[in-house]
Amino acid sequence: MTFDAALPLQSGASIRGYTLAYETYGRLNADKSNAVLICHALNASHHVAGVYEGQPKSEGWWDNMIGPGKPVDTDKFFVIGVNNLGSCFGSTGPMHVNPDTGKVYGADFPVVTVEDWVNAQARLLDVMGIQTLAAVMGGSLGGMQALSWTLQYPGRVRHAVVVASAPNLNAENIAFNEVARRAIVTDPDFHGGHFYEHGVIPKRGLRIARMIGHITYLSDDVMNEKFGRELRSAVAGTVREAYQYSTQDIEFQIESYLRYQGDKFSEYFDANTYLLITRALDYFDPARRHDGDLTRALAAARCKFLLVSFSTDWRFSPKRSREIVKALLDNRRELSYAEIDAPHGHDAFLLDDARYMKLVRSYFQGIERELVS
Amino acid sequence: MSDRLTLETIASLVPQGARVLDLGCGDGALLAHLQATRGCSGYGIEIADDNVLACVQRGVNVIQLNLDEGLALFEDQSFDVVLQIDTLQHLRNAEVVLRETARVGRTGIVAFPNFAHWPNRLSVLRGRMPVTRRLPYQWYDTPNIRVGTHADLEVLAQRNGLQILDSFGIHNGRAVRFAPNLLASTAVLKFSR
């Protein structure tokens with residue numbers, strides 16, 4: 001959907017003539033009360049569920065969670081997935097033409113924030129005629145958007161499901177983002193963000209950015225269990241013979257995995273998008289406008305919450321979710337909070353875990369009962 | 001102690017419309033009952049995954065938390081009533097949580113199995129640890145790591161400077177006000193800071 005009117009951005013800049021790619025699943029009911037907005041994280045899109053016709057491997061990124069008969073049941077709810085501004089999966093991003101200059105945005109794409117994304121999503125809902133969401137839901141950066149919805153549009157959200165998220169990034173998290181950004185920016189093919197004109201892609205930087213990301217999405221235990229010290233070419237014999245004694249070839253399985261993930265990512269992801277999205281993560285901090293007081297920041301929220309964290313997630317740890325829980329409790333908001341003891345680190349929010357799936361299913365069944373009554 | 005009559009006896013101690021925190025809320029039955037019959041609001045605290053799920057299924061607010069880590073999430077006197085129903089006997093830091101109960105709630109209500117109930121005394125006199133309907137576990141596999149009496153609970157409360165507002169027993173779902181340390185299988189204490 002294309003929006004001609006300019007969207008004012010938090011930075012003071014604005015963007016006009018932009019497109020938002022979105023998908024919907026299920027049917028909007030007569031009183032338009034069953035809409036659920038799904039917000040995506042770094043490397044995802046509006047394609048949250050289902051497969052495209054004739055493309056058997058095109059499952060949506062949250063297909064285990066959303067669909068007919070699934071925890072977020074599209075037989076009951078009208079689910080909307082939106083690709084955020086600045087992304088590289090269909091909505092207007094740095095690879096598109098700036099209508100003001102007639103040139104590709106590149107590095108000149110305006111810096112967008114979580115709040116800007118939420119405003120853009122709200123405009124899309126306006127056009128769809130949806131005033132109030134039965135729920136807004138997201139994990140990680142998507143959870144930040146869900147939380148921000150409850151503060152920016154408290155009257156338009158009845159429930160927020162915030163999974164594996166945080167009220168802001170800590171220094172360590174910003175540090176990881178910065179390493180990834182430096183890897184991209186210092187790639188000779190980056191050309192200050194205007195690599196499109198040069199017909200190149202800063203793949204080396206993207207690969208390294210993705211490798212760092214992957215390390216932080218897994219837990220120590222899972223990585224050891226999956227790869228351990230396993231060698232890529234396990235040659236029988238003594239240790240001395242099995243090693244290649246090379247500093248640059250792939251020796252360990254974990255290296256092979258990371259390089260593969262990096263290669264795959266660099267084929268489809270946009271370098272400027274990576275910079276923009278990690279910056280949006282860094283900037284998100286609703287308490288900042290309230291002298292760092294999260295309780296005061298969340299006073300605006302009116303809806304009910306389900307918060308979920310995962311015990312081995314060190315990127316968005318349970319402790320960070322508990323900060324949100326505490327601020328909501330201080331404001332006497334209705335909420336439930338579950339801490340799932342799962343081994344998979346941050347990735348757990350995208351994986352099948354019976355307790356997690358049942359919990360979300362039960363919560364949405366509760367929302368559905370409210371719709372009926 | 002999930003039978004209906006006991007649940008109602010305990011619910012009757014909670015004022016209409018109270019904001020309630022239920023420590024170790026189990027499947028949320030008591031909170032659901034308080035919400036439905038007494039217009040109460042609040043949250044349950046649970047550590048067990050299946051109980052957290054049961055609460056969400058009932059539409060009871062629940063927060064998954066290990067009580068042995070304390071109640072740092074909750075501000076002083078932020079609830080009208082804090083319940084600790086059949087919870088204390090499972091806690092490593094039972095004394096700290098008792099104090100925390102009084103800090104967070106204007107009123108605290110603790111109920112737990114009374115080891116001094118006469119059949120238990122008889123059993124110990126015969127030289128064996130009691131196994132009853134109320135204390136159905138063998139000594140070697142009981143989840144009750146704190147075994148105490150009604151009188152013990154009163155002493156602990158007093159030692160922590162708590163003001164005892166009411167103290168009685170429950171047996172077969174009914175309040176026991178005469179010699180509860182002897183005649184009731186459950187000890188109940190209502191207190192404040």
# chains A, B, ... in the order shown; residues from 1 in each chain; ligands from 1

$ residues_around --residues "segment 341-347 of chain A" --least-positions-apart "3" --cutoff "8 Å" --atoms "only C-alpha atoms" --output "PyMOL selection string"
chain A and resi 164+216-219+221-222+310-316+350-351+353

$ residues_around --residues "Glu75 of chain B" --least-positions-apart "5" --cutoff "9 Å" --atoms "only C-alpha atoms" --output "PyMOL selection string"
(chain A and resi 329-330) or (chain B and resi 103-104)

$ write_last_selection --atoms "all heavy atoms" --output "CSV table (one decimal), in the first residue's frame"
chain,number,residue,atom,x,y,z
A,329,LEU,N,3.5,-3.7,36.9
A,329,LEU,CA,3.0,-3.9,38.2
A,329,LEU,C,2.8,-2.6,39.0
A,329,LEU,O,1.8,-2.4,39.7
A,329,LEU,CB,3.8,-4.9,39.0
A,329,LEU,CG,3.8,-6.4,38.6
A,329,LEU,CD1,4.9,-7.2,39.3
A,329,LEU,CD2,2.4,-7.0,38.9
A,330,ASP,N,3.9,-1.8,38.9
A,330,ASP,CA,3.8,-0.5,39.6
A,330,ASP,C,2.6,0.3,39.2
A,330,ASP,O,2.1,1.1,39.9
A,330,ASP,CB,5.1,0.3,39.4
A,330,ASP,CG,6.3,-0.3,40.1
A,330,ASP,OD1,6.1,-1.2,41.0
A,330,ASP,OD2,7.5,0.0,39.8
B,103,ARG,N,5.5,-7.0,54.2
B,103,ARG,CA,6.0,-5.7,53.6
B,103,ARG,C,5.1,-5.3,52.4
B,103,ARG,O,4.7,-4.2,52.2
B,103,ARG,CB,7.4,-5.9,53.1
B,103,ARG,CG,8.0,-4.7,52.3
B,103,ARG,CD,9.4,-4.9,51.8
B,103,ARG,NE,9.5,-5.9,50.7
B,103,ARG,CZ,9.1,-5.6,49.4
B,103,ARG,NH1,8.7,-4.5,49.1
B,103,ARG,NH2,9.3,-6.6,48.5
B,104,VAL,N,4.8,-6.3,51.5
B,104,VAL,CA,4.1,-6.1,50.3
B,104,VAL,C,2.6,-5.9,50.5
B,104,VAL,O,1.9,-5.1,49.8
B,104,VAL,CB,4.4,-7.2,49.3
B,104,VAL,CG1,3.5,-7.1,48.0
B,104,VAL,CG2,5.8,-7.2,48.9

$ select_by_dssp --residues "segment 71-314 of chain A" --states "strand (DSSP E or B)" --output "PyMOL selection string"
chain A and resi 72-73+78-82+97-98+103-104+133+135-139+157+159-163+231+252+304-310

$ write_last_selection --atoms "N, CA and C atoms" --output "short mmCIF file (atom, residue, chain, number, x, y, z; two decimals), in the first residue's frame"
data_model
loop_
_atom_site.label_atom_id
_atom_site.label_comp_id
_atom_site.auth_asym_id
_atom_site.auth_seq_id
_atom_site.Cartn_x
_atom_site.Cartn_y
_atom_site.Cartn_z
N VAL A 72 -1.87 -18.70 17.52
CA VAL A 72 -2.59 -17.50 17.06
C VAL A 72 -3.40 -17.97 15.85
N ASP A 73 -4.66 -18.31 16.15
CA ASP A 73 -5.48 -19.08 15.21
C ASP A 73 -6.12 -18.16 14.17
N PHE A 78 -7.96 -12.14 12.62
CA PHE A 78 -7.50 -11.53 11.37
C PHE A 78 -6.08 -11.01 11.64
N VAL A 79 -5.10 -11.73 11.11
CA VAL A 79 -3.71 -11.43 11.44
C VAL A 79 -3.08 -10.59 10.33
N ILE A 80 -2.37 -9.55 10.74
CA ILE A 80 -1.73 -8.64 9.80
C ILE A 80 -0.23 -8.65 10.04
N GLY A 81 0.53 -8.88 8.98
CA GLY A 81 1.99 -8.74 9.04
C GLY A 81 2.39 -7.56 8.19
N VAL A 82 3.21 -6.68 8.71
CA VAL A 82 3.65 -5.48 7.98
C VAL A 82 5.17 -5.48 7.91
N VAL A 97 13.95 4.54 -4.70
CA VAL A 97 14.21 5.91 -5.17
C VAL A 97 13.52 6.92 -4.25
N ASN A 98 14.28 7.90 -3.83
CA ASN A 98 13.74 9.00 -3.04
C ASN A 98 12.96 9.93 -3.98
N LYS A 103 16.76 9.97 -6.90
CA LYS A 103 17.90 9.04 -6.79
C LYS A 103 17.62 8.00 -5.72
N VAL A 104 18.35 6.88 -5.81
CA VAL A 104 18.22 5.84 -4.79
C VAL A 104 18.65 6.41 -3.44
N LEU A 133 -6.97 -2.92 17.88
CA LEU A 133 -6.39 -4.25 17.72
C LEU A 133 -6.80 -5.14 18.89
N ALA A 135 -5.05 -7.63 19.53
CA ALA A 135 -3.73 -7.82 20.13
C ALA A 135 -2.66 -7.33 19.17
N VAL A 136 -1.56 -6.88 19.76
CA VAL A 136 -0.35 -6.62 19.00
C VAL A 136 0.71 -7.54 19.60
N MET A 137 1.50 -8.16 18.73
CA MET A 137 2.41 -9.21 19.22
C MET A 137 3.73 -9.14 18.47
N GLY A 138 4.80 -9.39 19.21
CA GLY A 138 6.11 -9.45 18.56
C GLY A 138 7.15 -10.02 19.50
N GLY A 139 8.23 -10.51 18.91
CA GLY A 139 9.36 -11.01 19.68
C GLY A 139 10.58 -10.17 19.42
N VAL A 157 -5.23 -0.66 21.49
CA VAL A 157 -4.71 -2.01 21.73
C VAL A 157 -5.42 -2.60 22.94
N HIS A 159 -4.71 -6.03 23.88
CA HIS A 159 -3.72 -6.93 24.47
C HIS A 159 -2.38 -6.74 23.77
N ALA A 160 -1.31 -6.88 24.54
CA ALA A 160 0.03 -6.88 23.94
C ALA A 160 0.75 -8.15 24.37
N VAL A 161 1.31 -8.84 23.39
CA VAL A 161 2.09 -10.04 23.68
C VAL A 161 3.54 -9.72 23.32
N VAL A 162 4.35 -9.63 24.34
CA VAL A 162 5.73 -9.16 24.20
C VAL A 162 6.66 -10.32 24.57
N VAL A 163 7.36 -10.85 23.57
CA VAL A 163 8.15 -12.07 23.76
C VAL A 163 9.65 -11.76 23.63
N LEU A 231 35.19 -31.36 14.23
CA LEU A 231 35.93 -30.86 13.07
C LEU A 231 35.10 -31.05 11.81
N PHE A 252 36.74 -26.07 12.27
CA PHE A 252 35.69 -26.55 13.16
C PHE A 252 34.30 -26.39 12.51
N LYS A 304 -4.00 -5.19 28.45
CA LYS A 304 -3.49 -6.35 29.20
C LYS A 304 -2.26 -6.89 28.47
N PHE A 305 -1.37 -7.48 29.23
CA PHE A 305 -0.10 -7.94 28.68
C PHE A 305 0.13 -9.42 28.93
N LEU A 306 0.76 -10.06 27.95
CA LEU A 306 1.42 -11.35 28.19
C LEU A 306 2.89 -11.13 27.84
N LEU A 307 3.75 -11.37 28.80
CA LEU A 307 5.18 -11.28 28.56
C LEU A 307 5.80 -12.66 28.69
N VAL A 308 6.72 -12.97 27.80
CA VAL A 308 7.39 -14.27 27.84
C VAL A 308 8.89 -14.04 27.66
N SER A 309 9.69 -14.72 28.48
CA SER A 309 11.13 -14.69 28.26
C SER A 309 11.65 -16.14 28.32
N PHE A 310 12.90 -16.30 27.91
CA PHE A 310 13.48 -17.65 27.87
C PHE A 310 14.76 -17.66 28.71
#

$ interface_residues --of "chain B" --to "chain A" --cutoff "8 Å" --atoms "only C-alpha atoms" --output "list in words"
Gly42, Asp49, Val52, Leu53, Val56, Gln57, Gly59, Asn61, Val62, Ile63, Gln64, Leu65, Leu73, Phe74 and Glu75 of chain B

$ residues_around --residues "Arg106 of chain B" --least-positions-apart "6" --cutoff "7 Å" --atoms "only C-alpha atoms" --output "VMD selection string"
chain B and resid 77 79 to 81 192

$ residues_around --residues "Leu165 of chain B" --least-positions-apart "6" --cutoff "8 Å" --atoms "only C-alpha atoms" --output "VMD selection string"
chain B and resid 189 to 192
